[in-house]
$ cat protein.csv   # CSV, C-alpha atoms and all ligand atoms
chain,number,residue,atom,x,y,z
A,29,MET,CA,75.4,-12.0,-37.6
A,30,LYS,CA,77.2,-10.4,-40.6
A,31,ILE,CA,78.0,-6.7,-40.8
A,32,ASN,CA,78.2,-4.7,-44.0
A,33,GLU,CA,81.8,-5.6,-44.7
A,34,HIS,CA,82.1,-2.8,-47.3
A,35,PHE,CA,82.5,-0.4,-44.3
A,36,LEU,CA,85.9,-2.1,-43.7
A,37,ASN,CA,87.1,-0.7,-47.0
A,38,LEU,CA,86.6,2.9,-45.8
A,39,LYS,CA,89.5,4.9,-44.4
A,40,ASP,CA,89.5,5.0,-40.6
A,41,SER,CA,87.9,8.4,-40.4
A,42,TYR,CA,86.1,10.9,-42.6
A,43,LEU,CA,88.5,13.6,-44.0
A,44,PHE,CA,87.1,16.5,-42.1
A,45,ALA,CA,87.0,14.5,-38.9
A,46,THR,CA,90.7,13.7,-39.3
A,47,VAL,CA,91.5,17.4,-39.9
A,48,GLY,CA,89.3,18.3,-36.9
A,49,LYS,CA,91.1,15.8,-34.7
A,50,LYS,CA,94.6,16.9,-35.7
A,51,THR,CA,93.6,20.6,-35.1
A,52,ALA,CA,92.1,19.7,-31.6
A,53,GLU,CA,95.3,17.9,-30.7
A,54,TYR,CA,97.5,20.8,-31.8
A,55,LYS,CA,95.3,23.2,-29.8
A,56,LYS,CA,95.5,21.1,-26.7
A,57,ALA,CA,99.3,20.9,-27.0
A,58,HIS,CA,99.6,24.7,-27.6
A,59,PRO,CA,96.7,26.4,-25.7
A,60,ASP,CA,98.4,29.8,-26.0
A,61,ARG,CA,98.3,29.9,-29.8
A,62,GLU,CA,95.4,31.3,-31.8
A,63,VAL,CA,94.6,28.8,-34.5
A,64,ILE,CA,92.6,30.0,-37.5
A,65,ARG,CA,90.5,27.4,-39.3
A,66,LEU,CA,90.1,27.8,-43.0
A,67,SER,CA,89.5,24.0,-43.4
A,68,ILE,CA,85.9,22.7,-43.4
A,69,GLY,CA,83.6,24.9,-45.5
A,70,ASP,CA,81.5,26.0,-42.5
A,71,VAL,CA,79.9,29.5,-42.7
A,72,THR,CA,80.5,32.2,-40.1
A,73,ARG,CA,78.0,34.9,-41.0
A,74,PRO,CA,74.6,34.9,-39.2
A,75,LEU,CA,71.4,34.0,-40.9
A,76,ALA,CA,69.8,36.7,-43.0
A,77,PRO,CA,67.3,38.9,-41.1
A,78,VAL,CA,64.4,37.8,-43.3
A,79,VAL,CA,65.1,34.2,-42.4
A,80,ILE,CA,65.2,34.9,-38.7
A,81,GLU,CA,62.0,36.9,-38.9
A,82,ALA,CA,60.3,34.0,-40.8
A,83,MET,CA,61.6,31.5,-38.2
A,84,HIS,CA,60.3,33.6,-35.3
A,85,LYS,CA,56.9,33.7,-36.9
A,86,ALA,CA,57.0,30.0,-37.4
A,87,VAL,CA,57.9,29.5,-33.8
A,88,ASP,CA,54.8,31.6,-32.9
A,89,ASP,CA,52.7,29.4,-35.2
A,90,MET,CA,53.8,26.4,-33.2
A,91,SER,CA,52.5,28.0,-30.0
A,92,ARG,CA,48.8,28.3,-31.1
A,93,THR,CA,46.4,25.4,-31.6
A,94,GLU,CA,45.1,27.0,-34.9
A,95,THR,CA,48.5,27.3,-36.5
A,96,PHE,CA,50.4,24.5,-34.9
A,97,LYS,CA,52.0,21.9,-37.2
A,98,GLY,CA,52.8,18.3,-36.7
A,99,TYR,CA,54.2,16.1,-39.6
A,100,GLY,CA,54.5,18.0,-42.9
A,101,PRO,CA,52.2,17.4,-45.8
A,102,ASP,CA,52.6,13.8,-46.9
A,103,GLN,CA,51.5,14.4,-50.5
A,104,THR,CA,54.7,16.4,-51.1
A,105,CYS,CA,57.0,14.3,-49.0
A,106,TYR,CA,56.6,16.8,-46.2
A,107,GLY,CA,57.5,20.0,-48.1
A,108,TYR,CA,55.3,23.0,-47.3
A,109,ASP,CA,53.8,25.0,-50.2
A,110,GLN,CA,55.5,28.2,-49.2
A,111,LEU,CA,58.9,26.6,-49.5
A,112,LEU,CA,58.1,24.6,-52.7
A,113,ASP,CA,56.7,27.7,-54.4
A,114,SER,CA,59.8,29.7,-53.5
A,115,ILE,CA,62.1,26.9,-54.9
A,116,LEU,CA,60.0,26.8,-58.1
A,117,GLY,CA,60.3,30.6,-58.4
A,118,SER,CA,64.0,30.4,-58.1
A,119,TYR,CA,64.2,27.9,-60.9
A,120,ALA,CA,61.8,29.9,-63.0
A,121,ARG,CA,64.2,32.8,-62.7
A,122,LYS,CA,66.9,30.5,-64.2
A,123,GLY,CA,64.5,29.7,-67.1
A,124,VAL,CA,63.7,26.2,-65.7
A,125,THR,CA,60.1,25.0,-65.2
A,126,LEU,CA,59.6,22.4,-62.6
A,127,SER,CA,56.5,21.1,-60.8
A,128,LYS,CA,56.1,20.7,-57.0
A,129,SER,CA,56.1,16.9,-57.4
A,130,GLU,CA,59.7,17.1,-58.6
A,131,VAL,CA,61.0,19.0,-55.5
A,132,PHE,CA,61.9,17.0,-52.4
A,133,VAL,CA,62.9,19.0,-49.3
A,134,SER,CA,65.8,17.5,-47.5
A,135,ASP,CA,68.0,18.1,-44.5
A,136,GLY,CA,70.9,19.1,-46.8
A,137,ALA,CA,72.8,18.0,-49.9
A,138,LYS,CA,75.3,15.7,-48.1
A,139,SER,CA,72.6,13.4,-46.9
A,140,ASP,CA,70.9,13.1,-50.3
A,141,CYS,CA,74.2,12.7,-52.1
A,142,GLY,CA,74.5,9.4,-50.3
A,143,ASN,CA,70.8,8.5,-49.7
A,144,ILE,CA,69.9,8.8,-53.5
A,145,LEU,CA,72.0,5.7,-54.0
A,146,ASP,CA,69.2,3.6,-52.5
A,147,LEU,CA,67.5,3.9,-55.9
A,148,PHE,CA,70.4,2.2,-57.7
A,149,SER,CA,71.8,-1.4,-57.7
A,150,ALA,CA,75.1,-1.9,-56.0
A,151,GLU,CA,76.1,-3.6,-59.2
A,152,ASN,CA,76.2,-0.3,-61.0
A,153,THR,CA,79.5,1.4,-61.7
A,154,VAL,CA,79.9,5.0,-60.5
A,155,LEU,CA,82.1,7.6,-62.1
A,156,LEU,CA,83.7,10.2,-59.9
A,157,PRO,CA,86.1,13.0,-60.6
A,158,ASP,CA,89.4,12.8,-58.7
A,159,PRO,CA,89.8,14.9,-56.6
A,160,VAL,CA,86.3,14.7,-55.2
A,161,TYR,CA,84.1,15.6,-52.2
A,162,PRO,CA,84.8,12.5,-50.0
A,163,ALA,CA,81.1,12.0,-49.1
A,164,TYR,CA,80.4,10.7,-52.7
A,165,ALA,CA,83.2,8.2,-52.7
A,166,ASP,CA,82.6,7.0,-49.1
A,167,ALA,CA,78.8,6.5,-49.7
A,168,ASN,CA,79.6,4.3,-52.7
A,169,VAL,CA,82.3,2.4,-50.9
A,170,MET,CA,79.7,1.7,-48.1
A,171,ALA,CA,77.4,0.2,-50.8
A,172,GLY,CA,80.3,-1.9,-52.3
A,173,ARG,CA,79.8,-0.2,-55.7
A,174,LYS,CA,82.6,-0.2,-58.3
A,175,ILE,CA,84.1,3.3,-58.6
A,176,VAL,CA,86.0,4.6,-61.7
A,177,TYR,CA,87.6,8.0,-61.7
A,178,ALA,CA,87.9,10.8,-64.2
A,179,ASP,CA,91.2,12.6,-63.6
A,180,ALA,CA,91.0,16.3,-62.8
A,181,ASN,CA,94.3,18.1,-63.0
A,182,GLU,CA,96.0,21.3,-64.0
A,183,GLN,CA,96.0,20.3,-67.7
A,184,ASN,CA,92.2,20.1,-67.9
A,185,GLY,CA,91.6,23.0,-65.5
A,186,PHE,CA,90.4,20.5,-62.9
A,187,LEU,CA,87.3,19.9,-65.1
A,188,PRO,CA,87.5,16.4,-66.6
A,189,MET,CA,85.5,15.7,-69.6
A,190,PRO,CA,83.7,12.5,-70.5
A,191,ASP,CA,85.4,9.6,-72.2
A,192,ASP,CA,83.0,7.4,-74.1
A,193,SER,CA,85.2,4.4,-73.6
A,194,VAL,CA,84.6,4.5,-69.9
A,195,ARG,CA,81.4,2.6,-68.8
A,196,ALA,CA,79.4,4.2,-66.0
A,197,ASP,CA,75.8,4.1,-64.7
A,198,LEU,CA,76.1,6.9,-62.2
A,199,VAL,CA,78.1,10.1,-62.6
A,200,TYR,CA,78.7,12.6,-59.8
A,201,ILE,CA,79.3,16.2,-61.0
A,202,CYS,CA,79.8,19.1,-58.5
A,203,SER,CA,79.9,22.5,-60.1
A,204,PRO,CA,81.2,24.9,-58.9
A,205,ASN,CA,83.4,22.1,-57.7
A,206,ASN,CA,84.3,21.1,-54.2
A,207,PRO,CA,87.3,21.0,-53.6
A,208,THR,CA,88.8,22.7,-56.7
A,209,GLY,CA,86.4,25.6,-57.2
A,210,ALA,CA,86.4,25.0,-60.9
A,211,ALA,CA,83.0,25.3,-62.7
A,212,TYR,CA,81.7,23.7,-65.9
A,213,THR,CA,80.4,25.9,-68.8
A,214,ARG,CA,77.1,25.1,-70.5
A,215,GLU,CA,79.0,23.5,-73.4
A,216,GLN,CA,80.9,21.2,-71.1
A,217,LEU,CA,77.8,20.2,-69.3
A,218,LYS,CA,76.2,19.4,-72.7
A,219,ALA,CA,79.0,17.0,-73.3
A,220,TRP,CA,78.3,15.3,-69.9
A,221,ILE,CA,74.6,15.1,-70.7
A,222,ALA,CA,75.4,13.5,-74.1
A,223,TYR,CA,77.7,11.0,-72.4
A,224,ALA,CA,75.0,10.1,-69.8
A,225,LYS,CA,72.5,9.5,-72.5
A,226,LYS,CA,74.8,7.2,-74.5
A,227,GLN,CA,75.5,5.2,-71.4
A,228,ASP,CA,71.9,5.2,-70.1
A,229,ALA,CA,73.5,6.7,-67.0
A,230,VAL,CA,72.1,9.1,-64.4
A,231,ILE,CA,74.0,12.3,-63.5
A,232,LEU,CA,73.9,13.2,-59.8
A,233,TYR,CA,74.5,17.0,-60.0
A,234,ASP,CA,75.6,18.7,-56.8
A,235,ALA,CA,74.7,22.4,-57.1
A,236,ALA,CA,75.5,23.3,-53.4
A,237,TYR,CA,77.7,26.2,-54.5
A,238,GLU,CA,75.6,27.6,-57.3
A,239,TYR,CA,75.0,31.0,-55.6
A,240,PHE,CA,78.8,31.7,-55.8
A,241,ILE,CA,78.6,31.8,-59.6
A,242,SER,CA,79.0,35.3,-61.0
A,243,ASP,CA,80.2,34.4,-64.5
A,244,PRO,CA,77.1,34.4,-66.8
A,245,ALA,CA,78.7,31.8,-69.0
A,246,LEU,CA,78.2,29.3,-66.2
A,247,CYS,CA,75.0,27.4,-65.4
A,248,ARG,CA,73.5,27.5,-61.9
A,249,SER,CA,71.4,24.4,-62.6
A,250,ILE,CA,72.1,21.5,-64.9
A,251,TYR,CA,68.5,21.9,-66.1
A,252,GLU,CA,69.5,25.2,-67.7
A,253,VAL,CA,71.0,22.9,-70.3
A,254,GLU,CA,68.7,21.3,-72.8
A,255,ASP,CA,67.6,17.7,-72.3
A,256,ALA,CA,69.0,17.3,-68.8
A,257,LYS,CA,65.7,16.4,-67.2
A,258,ASP,CA,65.7,12.8,-68.4
A,259,CYS,CA,69.2,12.1,-67.2
A,260,ALA,CA,70.0,14.2,-64.2
A,261,ILE,CA,69.0,14.5,-60.5
A,262,GLU,CA,70.0,17.9,-59.0
A,263,ILE,CA,70.9,18.1,-55.3
A,264,CYS,CA,70.8,21.6,-53.7
A,265,SER,CA,71.4,23.1,-50.3
A,266,TYR,CA,70.7,26.2,-48.2
A,267,SER,CA,74.0,25.6,-46.3
A,268,LYS,CA,76.4,27.6,-48.4
A,269,THR,CA,73.7,29.7,-50.1
A,270,ALA,CA,72.1,31.0,-47.0
A,271,GLY,CA,74.3,29.9,-44.0
A,272,PHE,CA,72.2,26.9,-43.1
A,273,THR,CA,75.1,24.5,-42.2
A,274,GLY,CA,73.7,24.3,-38.6
A,275,VAL,CA,70.0,24.7,-39.5
A,276,ARG,CA,70.0,21.9,-42.1
A,277,CYS,CA,67.8,22.3,-45.2
A,278,GLY,CA,68.2,21.5,-48.8
A,279,TYR,CA,66.2,20.1,-51.7
A,280,THR,CA,66.6,17.5,-54.4
A,281,ILE,CA,65.1,17.6,-57.8
A,282,VAL,CA,64.0,14.3,-59.3
A,283,PRO,CA,62.3,15.1,-62.6
A,284,GLU,CA,59.2,13.3,-63.7
A,285,ALA,CA,60.9,12.6,-67.0
A,286,LEU,CA,63.6,10.5,-65.4
A,287,VAL,CA,62.9,6.8,-66.0
A,288,ARG,CA,65.4,4.0,-65.7
A,289,GLY,CA,64.9,0.3,-65.9
A,290,GLY,CA,61.3,1.0,-66.8
A,291,ALA,CA,60.6,2.8,-63.4
A,292,SER,CA,60.1,6.4,-62.6
A,293,LEU,CA,62.9,7.5,-60.4
A,294,ASN,CA,60.6,10.3,-59.1
A,295,ARG,CA,58.2,7.7,-57.8
A,296,LEU,CA,60.9,5.5,-56.3
A,297,TRP,CA,62.4,8.5,-54.5
A,298,ALA,CA,59.0,9.6,-53.2
A,299,ARG,CA,58.6,6.0,-51.9
A,300,ARG,CA,62.0,5.9,-50.4
A,301,GLN,CA,61.6,9.3,-48.7
A,302,SER,CA,58.2,8.5,-47.3
A,303,THR,CA,59.6,5.3,-45.7
A,304,LYS,CA,62.9,6.5,-44.4
A,305,PHE,CA,62.5,10.3,-43.8
A,306,ASN,CA,60.0,12.3,-41.9
A,307,GLY,CA,60.8,15.7,-43.4
A,308,VAL,CA,62.4,18.9,-42.3
A,309,SER,CA,60.9,20.9,-39.4
A,310,TYR,CA,58.2,23.5,-40.1
A,311,ILE,CA,60.3,26.3,-38.5
A,312,THR,CA,63.3,25.4,-40.7
A,313,GLN,CA,61.2,25.2,-43.9
A,314,MET,CA,59.6,28.6,-43.2
A,315,GLY,CA,63.1,30.1,-42.7
A,316,ALA,CA,64.2,28.5,-46.0
A,317,ALA,CA,61.1,29.8,-47.8
A,318,ALA,CA,62.3,33.4,-47.0
A,319,VAL,CA,65.6,32.8,-48.8
A,320,PHE,CA,64.4,33.0,-52.4
A,321,THR,CA,62.2,36.1,-52.0
A,322,GLU,CA,63.3,39.4,-53.4
A,323,GLU,CA,64.5,40.7,-50.0
A,324,GLY,CA,66.0,37.3,-49.1
A,325,GLU,CA,68.1,37.1,-52.2
A,326,LYS,CA,69.4,40.6,-51.6
A,327,GLN,CA,70.4,39.7,-48.0
A,328,ILE,CA,72.0,36.4,-48.8
A,329,GLY,CA,73.8,38.1,-51.7
A,330,GLU,CA,75.4,40.4,-49.2
A,331,ASN,CA,76.7,37.5,-47.2
A,332,ILE,CA,78.0,35.7,-50.3
A,333,ALA,CA,79.7,39.0,-51.4
A,334,CYS,CA,81.5,39.0,-48.0
A,335,TYR,CA,82.8,35.4,-48.6
A,336,LYS,CA,83.8,36.3,-52.1
A,337,LYS,CA,85.7,39.2,-50.7
A,338,ASN,CA,87.6,36.8,-48.5
A,339,ALA,CA,88.3,34.6,-51.5
A,340,LYS,CA,89.8,37.6,-53.2
A,341,ILE,CA,91.9,38.4,-50.1
A,342,ILE,CA,93.3,34.8,-50.2
A,343,ALA,CA,93.8,34.9,-54.0
A,344,ASP,CA,95.7,38.2,-53.8
A,345,CYS,CA,97.9,36.8,-51.1
A,346,LEU,CA,98.7,33.8,-53.3
A,347,ASP,CA,99.3,36.0,-56.3
A,348,ARG,CA,101.8,38.1,-54.3
A,349,LEU,CA,103.6,34.9,-53.3
A,350,GLY,CA,103.6,33.5,-56.8
A,351,ILE,CA,101.6,30.4,-55.7
A,352,TRP,CA,99.5,28.6,-58.3
A,353,TYR,CA,95.8,28.3,-57.5
A,354,ALA,CA,92.4,27.7,-59.0
A,355,GLY,CA,88.9,28.6,-57.8
A,356,GLY,CA,87.8,31.5,-55.6
A,357,LYS,CA,86.0,33.4,-58.4
A,358,ASN,CA,82.8,31.4,-58.8
A,359,SER,CA,83.4,29.4,-55.7
A,360,PRO,CA,84.2,29.8,-52.0
A,361,TYR,CA,87.2,27.4,-52.3
A,362,ILE,CA,90.7,28.2,-53.3
A,363,TRP,CA,92.7,25.2,-54.5
A,364,LEU,CA,96.4,25.9,-54.4
A,365,LYS,CA,99.6,24.1,-55.2
A,366,CYS,CA,101.6,23.4,-52.1
A,367,PRO,CA,104.8,25.6,-52.2
A,368,ASN,CA,108.3,24.1,-52.6
A,369,GLY,CA,107.0,20.8,-53.8
A,370,MET,CA,105.6,19.9,-50.4
A,371,GLY,CA,103.1,17.0,-50.1
A,372,SER,CA,99.5,17.9,-48.9
A,373,TRP,CA,99.8,16.6,-45.3
A,374,GLU,CA,103.4,18.0,-45.1
A,375,PHE,CA,102.1,21.4,-46.0
A,376,PHE,CA,99.1,21.0,-43.6
A,377,ASP,CA,101.6,20.3,-40.7
A,378,TYR,CA,103.9,23.1,-41.8
A,379,LEU,CA,101.1,25.7,-41.9
A,380,LEU,CA,99.6,24.6,-38.7
A,381,GLU,CA,102.9,24.5,-36.8
A,382,ASN,CA,104.3,27.8,-38.2
A,383,ALA,CA,101.3,30.0,-39.1
A,384,ASN,CA,98.7,28.3,-36.9
A,385,VAL,CA,96.4,28.2,-39.9
A,386,VAL,CA,94.4,25.1,-40.7
A,387,GLY,CA,93.4,24.1,-44.3
A,388,THR,CA,92.4,20.8,-45.9
A,389,PRO,CA,95.0,18.6,-47.5
A,390,GLY,CA,94.3,18.0,-51.2
A,391,CYS,CA,95.2,14.3,-51.1
A,392,GLY,CA,92.2,13.8,-48.8
A,393,PHE,CA,90.0,14.4,-51.8
A,394,GLY,CA,91.8,11.8,-54.0
A,395,LYS,CA,95.1,10.8,-55.5
A,396,ASN,CA,95.2,13.8,-57.9
A,397,GLY,CA,94.9,16.1,-54.9
A,398,GLU,CA,98.3,15.1,-53.6
A,399,GLY,CA,100.5,18.2,-53.6
A,400,TYR,CA,97.5,20.5,-53.4
A,401,PHE,CA,95.7,22.2,-50.6
A,402,ARG,CA,92.2,23.8,-50.1
A,403,LEU,CA,91.5,27.0,-48.2
A,404,THR,CA,87.9,28.1,-47.6
A,405,ALA,CA,86.6,31.7,-47.9
A,406,PHE,CA,83.9,31.0,-45.3
A,407,GLY,CA,85.9,32.4,-42.4
A,408,THR,CA,85.4,35.9,-41.0
A,409,GLU,CA,87.1,38.7,-42.9
A,410,GLU,CA,89.3,39.5,-39.8
A,411,ASN,CA,90.5,35.9,-39.6
A,412,THR,CA,91.0,35.6,-43.3
A,413,ARG,CA,93.2,38.7,-43.4
A,414,LYS,CA,95.1,37.5,-40.3
A,415,ALA,CA,95.6,34.0,-41.8
A,416,CYS,CA,96.9,35.6,-45.1
A,417,GLU,CA,99.3,37.9,-43.2
A,418,ARG,CA,100.7,34.8,-41.4
A,419,ILE,CA,100.9,32.8,-44.6
A,420,ALA,CA,102.6,35.7,-46.4
A,421,ALA,CA,105.2,36.1,-43.6
A,422,LEU,CA,105.9,32.4,-43.6
A,423,LEU,CA,106.3,31.8,-47.3
A,424,LYS,CA,107.7,35.1,-48.6
B,1,LIG,C1,83.5,21.0,-47.1
B,1,LIG,O1,84.3,21.6,-46.4
B,1,LIG,O2,83.9,20.3,-48.1
B,1,LIG,C2,82.1,21.0,-46.9
B,1,LIG,O3,81.8,22.0,-45.9
B,1,LIG,C3,81.6,19.8,-46.4
B,1,LIG,C4,80.1,19.7,-46.5
B,1,LIG,O4,79.4,20.5,-47.0
B,1,LIG,O5,79.6,18.7,-46.0
$ encode --input "protein.csv" --output "structure tokens" --more "lines below"
Ligand code: MLT
Amino acid sequence: MKINEHFLNLKDSYLFATVGKKTAEYKKAHPDREVIRLSIGDVTRPLAPVVIEAMHKAVDDMSRTETFKGYGPDQTCYGYDQLLDSILGSYARKGVTLSKSEVFVSDGAKSDCGNILDLFSAENTVLLPDPVYPAYADANVMAGRKIVYADANEQNGFLPMPDDSVRADLVYICSPNNPTGAAYTREQLKAWIAYAKKQDAVILYDAAYEYFISDPALCRSIYEVEDAKDCAIEICSYSKTAGFTGVRCGYTIVPEALVRGGASLNRLWARRQSTKFNGVSYITQMGAAAVFTEEGEKQIGENIACYKKNAKIIADCLDRLGIWYAGGKNSPYIWLKCPNGMGSWEFFDYLLENANVVGTPGCGFGKNGEGYFRLTAFGTEENTRKACERIAALLK
């Protein structure tokens, strides 16, 4: 019996698991200390009232024979019309026309960022920015795919641009970016689309943080840029948009126009999903369908505004301390330079030990992240303020 030996090329544990383990060990050793976690991007605000109301109604539907639901509709890979219509409506408001057959409801962006690789040969080369959300890199390592990196650094504003001399078949773009918070403009995305077309590559566009964009020069969907539909798959999530990290729901757009190797990627993905996935629960889908309604968008907007206020609290604190950072404006992440030339893990330990604040070491996202550190704005306002007071007292 042979295992998939590519797994042996992974680091021992996933970045956030390592951070979680170190935090738990610290708490065990210091039970009297109040540790504030601004590490993994997990939300703290409750679901919007419209979502709760829709879910309650869906629970009631499940209690009656006439409205009970089993498997979701198979002709749409288990997506219910109410949800698909609301997603199409949200795209229409961005000026993007899609059809229901192009929308695949998922249990979140992370799963599909890895699962989508089933469509592509392990012999392909994948291009990732560095630093990068570790799930993209790890999923490709598991498949044994060759990875090349585009350097993201202070010089290019953590927004690497394509280099035609680099060969790639798959390109991951996350904008607004996790971990750096930087976001591509329309013109920059155009350059990536031109690159993908020259290379016959497919862009895997992670739009999980699109609802944090407030700058109108930035795109919320790659399909807002001309000609993206025949070279890009877009992966979206309700996690950060609507606080669904625990509920689990997202959607992936595979346009009908996307053809590679003579095959429709839309058909291949439908085939893959109908074989390996049984859809998202009716109750969850009904909750998600309430998000992109007029009232839903108003309510989730209030939650996002609270997180953006936290981002500003962190940014103001770093400004006062004279610490360089990026992100936080169109993103829930603040990417800062470790003070006094500290390394990422060194700063992690220093902050945990002396301020009892947990962040994520930048080097966990790639070699270019060494010397940087990520803080999330997804905490409560009270904890964010408290963490900033402690950081300020420590580093002043
Ligand atoms: C993060 O902290 O980078 C994210 O919360 C991880 C995720 O969305 O899976």
$ closest_residue --input "protein.csv" --among "A:Thr95, A:Ser129, A:Asn206, A:Ser118" --to "ligand LIG 1 (chain B)" --atoms "all atoms listed in the file"
A:Asn206
$ residues_around --input "protein.csv" --residues "A:Tyr161" --least-positions-apart "3" --cutoff "7 Å" --atoms "all atoms listed in the file" --output "short mmCIF file (atom, residue, chain, number, x, y, z; two decimals) with C-alpha atoms, keeping the file's coordinate frame"
data_model
loop_
_atom_site.label_atom_id
_atom_site.label_comp_id
_atom_site.auth_asym_id
_atom_site.auth_seq_id
_atom_site.Cartn_x
_atom_site.Cartn_y
_atom_site.Cartn_z
CA TYR A 164 80.40 10.70 -52.70
CA ASN A 206 84.30 21.10 -54.20
CA PRO A 207 87.30 21.00 -53.60
CA PHE A 393 90.00 14.40 -51.80
#
$ closest_atom_pairs --input "protein.csv" --of "chain A" --to "ligand LIG 1 (chain B)" --cutoff "6 Å" --atoms "all atoms listed in the file" --output "Markdown table"
| residue | atom | partner | partner_atom | distance |
| --- | --- | --- | --- | --- |
| A:Ile68 | CA | B:LIG1 | O1 | 3.6 |
| A:Gly69 | CA | B:LIG1 | O3 | 3.4 |
| A:Asp70 | CA | B:LIG1 | O3 | 5.3 |
| A:Lys138 | CA | B:LIG1 | O5 | 5.6 |
$ write_last_selection --input "protein.csv" --atoms "C-alpha atoms" --output "compact mmCIF listing (two decimals), in the frame of the given file"
# COMPACT_ATOMS: atom_id res chain seq x y z
CA ILE A 68 85.90 22.70 -43.40
CA GLY A 69 83.60 24.90 -45.50
CA ASP A 70 81.50 26.00 -42.50
CA LYS A 138 75.30 15.70 -48.10
$ closest_atom_pairs --input "protein.csv" --of "stretch 353-412 of chain A" --to "stretch 339-343 of chain A" --cutoff "9 Å" --atoms "only C-alpha atoms" --output "tab-separated table"
residue	atom	partner	partner_atom	distance
A:Tyr353	CA	A:Ala343	CA	7.7
A:Ala354	CA	A:Ala343	CA	8.9
A:Gly355	CA	A:Ala339	CA	8.7
A:Gly356	CA	A:Ala339	CA	5.2
A:Lys357	CA	A:Ala339	CA	7.4
A:Ser359	CA	A:Ala339	CA	8.3
A:Pro360	CA	A:Ala339	CA	6.3
A:Tyr361	CA	A:Ala339	CA	7.3
A:Ile362	CA	A:Ala339	CA	7.1
A:Leu403	CA	A:Ile342	CA	8.3
A:Thr404	CA	A:Ala339	CA	7.6
A:Ala405	CA	A:Ala339	CA	4.9
A:Phe406	CA	A:Ala339	CA	8.4
A:Glu409	CA	A:Ile341	CA	8.7
A:Thr412	CA	A:Ile342	CA	7.3
$ residues_around --input "protein.csv" --residues "A:Leu145" --least-positions-apart "5" --cutoff "12 Å" --atoms "all atoms listed in the file" --output "list in words"
Ser139, Asp140, Ala150, Glu151, Asn152, Thr153, Val154, Tyr164, Ala165, Asp166, Ala167, Asn168, Val169, Met170, Ala171, Gly172, Arg173, Asp197, Leu198, Val199, Tyr200, Val230, Ile231, Leu232, Ile261, Leu293, Leu296, Trp297 and Arg300 of chain A
$ write_last_selection --input "protein.csv" --atoms "C-alpha atoms" --output "PDB file, keeping the file's coordinate frame"
ATOM      1  CA  SER A 139      72.600  13.400 -46.900  1.00  0.00           C
ATOM      2  CA  ASP A 140      70.900  13.100 -50.300  1.00  0.00           C
ATOM      3  CA  ALA A 150      75.100  -1.900 -56.000  1.00  0.00           C
ATOM      4  CA  GLU A 151      76.100  -3.600 -59.200  1.00  0.00           C
ATOM      5  CA  ASN A 152      76.200  -0.300 -61.000  1.00  0.00           C
ATOM      6  CA  THR A 153      79.500   1.400 -61.700  1.00  0.00           C
ATOM      7  CA  VAL A 154      79.900   5.000 -60.500  1.00  0.00           C
ATOM      8  CA  TYR A 164      80.400  10.700 -52.700  1.00  0.00           C
ATOM      9  CA  ALA A 165      83.200   8.200 -52.700  1.00  0.00           C
ATOM     10  CA  ASP A 166      82.600   7.000 -49.100  1.00  0.00           C
ATOM     11  CA  ALA A 167      78.800   6.500 -49.700  1.00  0.00           C
ATOM     12  CA  ASN A 168      79.600   4.300 -52.700  1.00  0.00           C
ATOM     13  CA  VAL A 169      82.300   2.400 -50.900  1.00  0.00           C
ATOM     14  CA  MET A 170      79.700   1.700 -48.100  1.00  0.00           C
ATOM     15  CA  ALA A 171      77.400   0.200 -50.800  1.00  0.00           C
ATOM     16  CA  GLY A 172      80.300  -1.900 -52.300  1.00  0.00           C
ATOM     17  CA  ARG A 173      79.800  -0.200 -55.700  1.00  0.00           C
ATOM     18  CA  ASP A 197      75.800   4.100 -64.700  1.00  0.00           C
ATOM     19  CA  LEU A 198      76.100   6.900 -62.200  1.00  0.00           C
ATOM     20  CA  VAL A 199      78.100  10.100 -62.600  1.00  0.00           C
ATOM     21  CA  TYR A 200      78.700  12.600 -59.800  1.00  0.00           C
ATOM     22  CA  VAL A 230      72.100   9.100 -64.400  1.00  0.00           C
ATOM     23  CA  ILE A 231      74.000  12.300 -63.500  1.00  0.00           C
ATOM     24  CA  LEU A 232      73.900  13.200 -59.800  1.00  0.00           C
ATOM     25  CA  ILE A 261      69.000  14.500 -60.500  1.00  0.00           C
ATOM     26  CA  LEU A 293      62.900   7.500 -60.400  1.00  0.00           C
ATOM     27  CA  LEU A 296      60.900   5.500 -56.300  1.00  0.00           C
ATOM     28  CA  TRP A 297      62.400   8.500 -54.500  1.00  0.00           C
ATOM     29  CA  ARG A 300      62.000   5.900 -50.400  1.00  0.00           C
TER      30      ARG A 300
END
$ residues_near_point --input "protein.csv" --point "(65.5, 7.0, -62.7)" --cutoff "9 Å" --atoms "only C-alpha atoms" --output "number ranges by chain"
A: 147-148, 230, 258-261, 282-297
$ closest_residue --input "protein.csv" --among "A:Gly399, A:Gly369, A:Gly407, A:Gly307" --to "A:Tyr106" --atoms "only C-alpha atoms"
A:Gly307
$ residues_around --input "protein.csv" --residues "A:Ser265" --least-positions-apart "6" --cutoff "8 Å" --atoms "only C-alpha atoms" --output "PyMOL selection string"
chain A and resi 136-137+235-236+277-279
$ closest_atom_pairs --input "protein.csv" --of "stretch 266-345 of chain A" --to "stretch 82-90 of chain A" --cutoff "7 Å" --atoms "all atoms listed in the file" --output "tab-separated table"
residue	atom	partner	partner_atom	distance
A:Ile311	CA	A:Ala86	CA	5.1
A:Thr312	CA	A:Met83	CA	6.8
A:Met314	CA	A:Ala82	CA	6.0
A:Gly315	CA	A:Met83	CA	4.9
A:Ala318	CA	A:Ala82	CA	6.5
$ closest_residue --input "protein.csv" --among "A:Ser114, A:Thr125, A:Ser91, A:Thr72" --to "A:Tyr251" --atoms "only C-alpha atoms"
A:Thr125
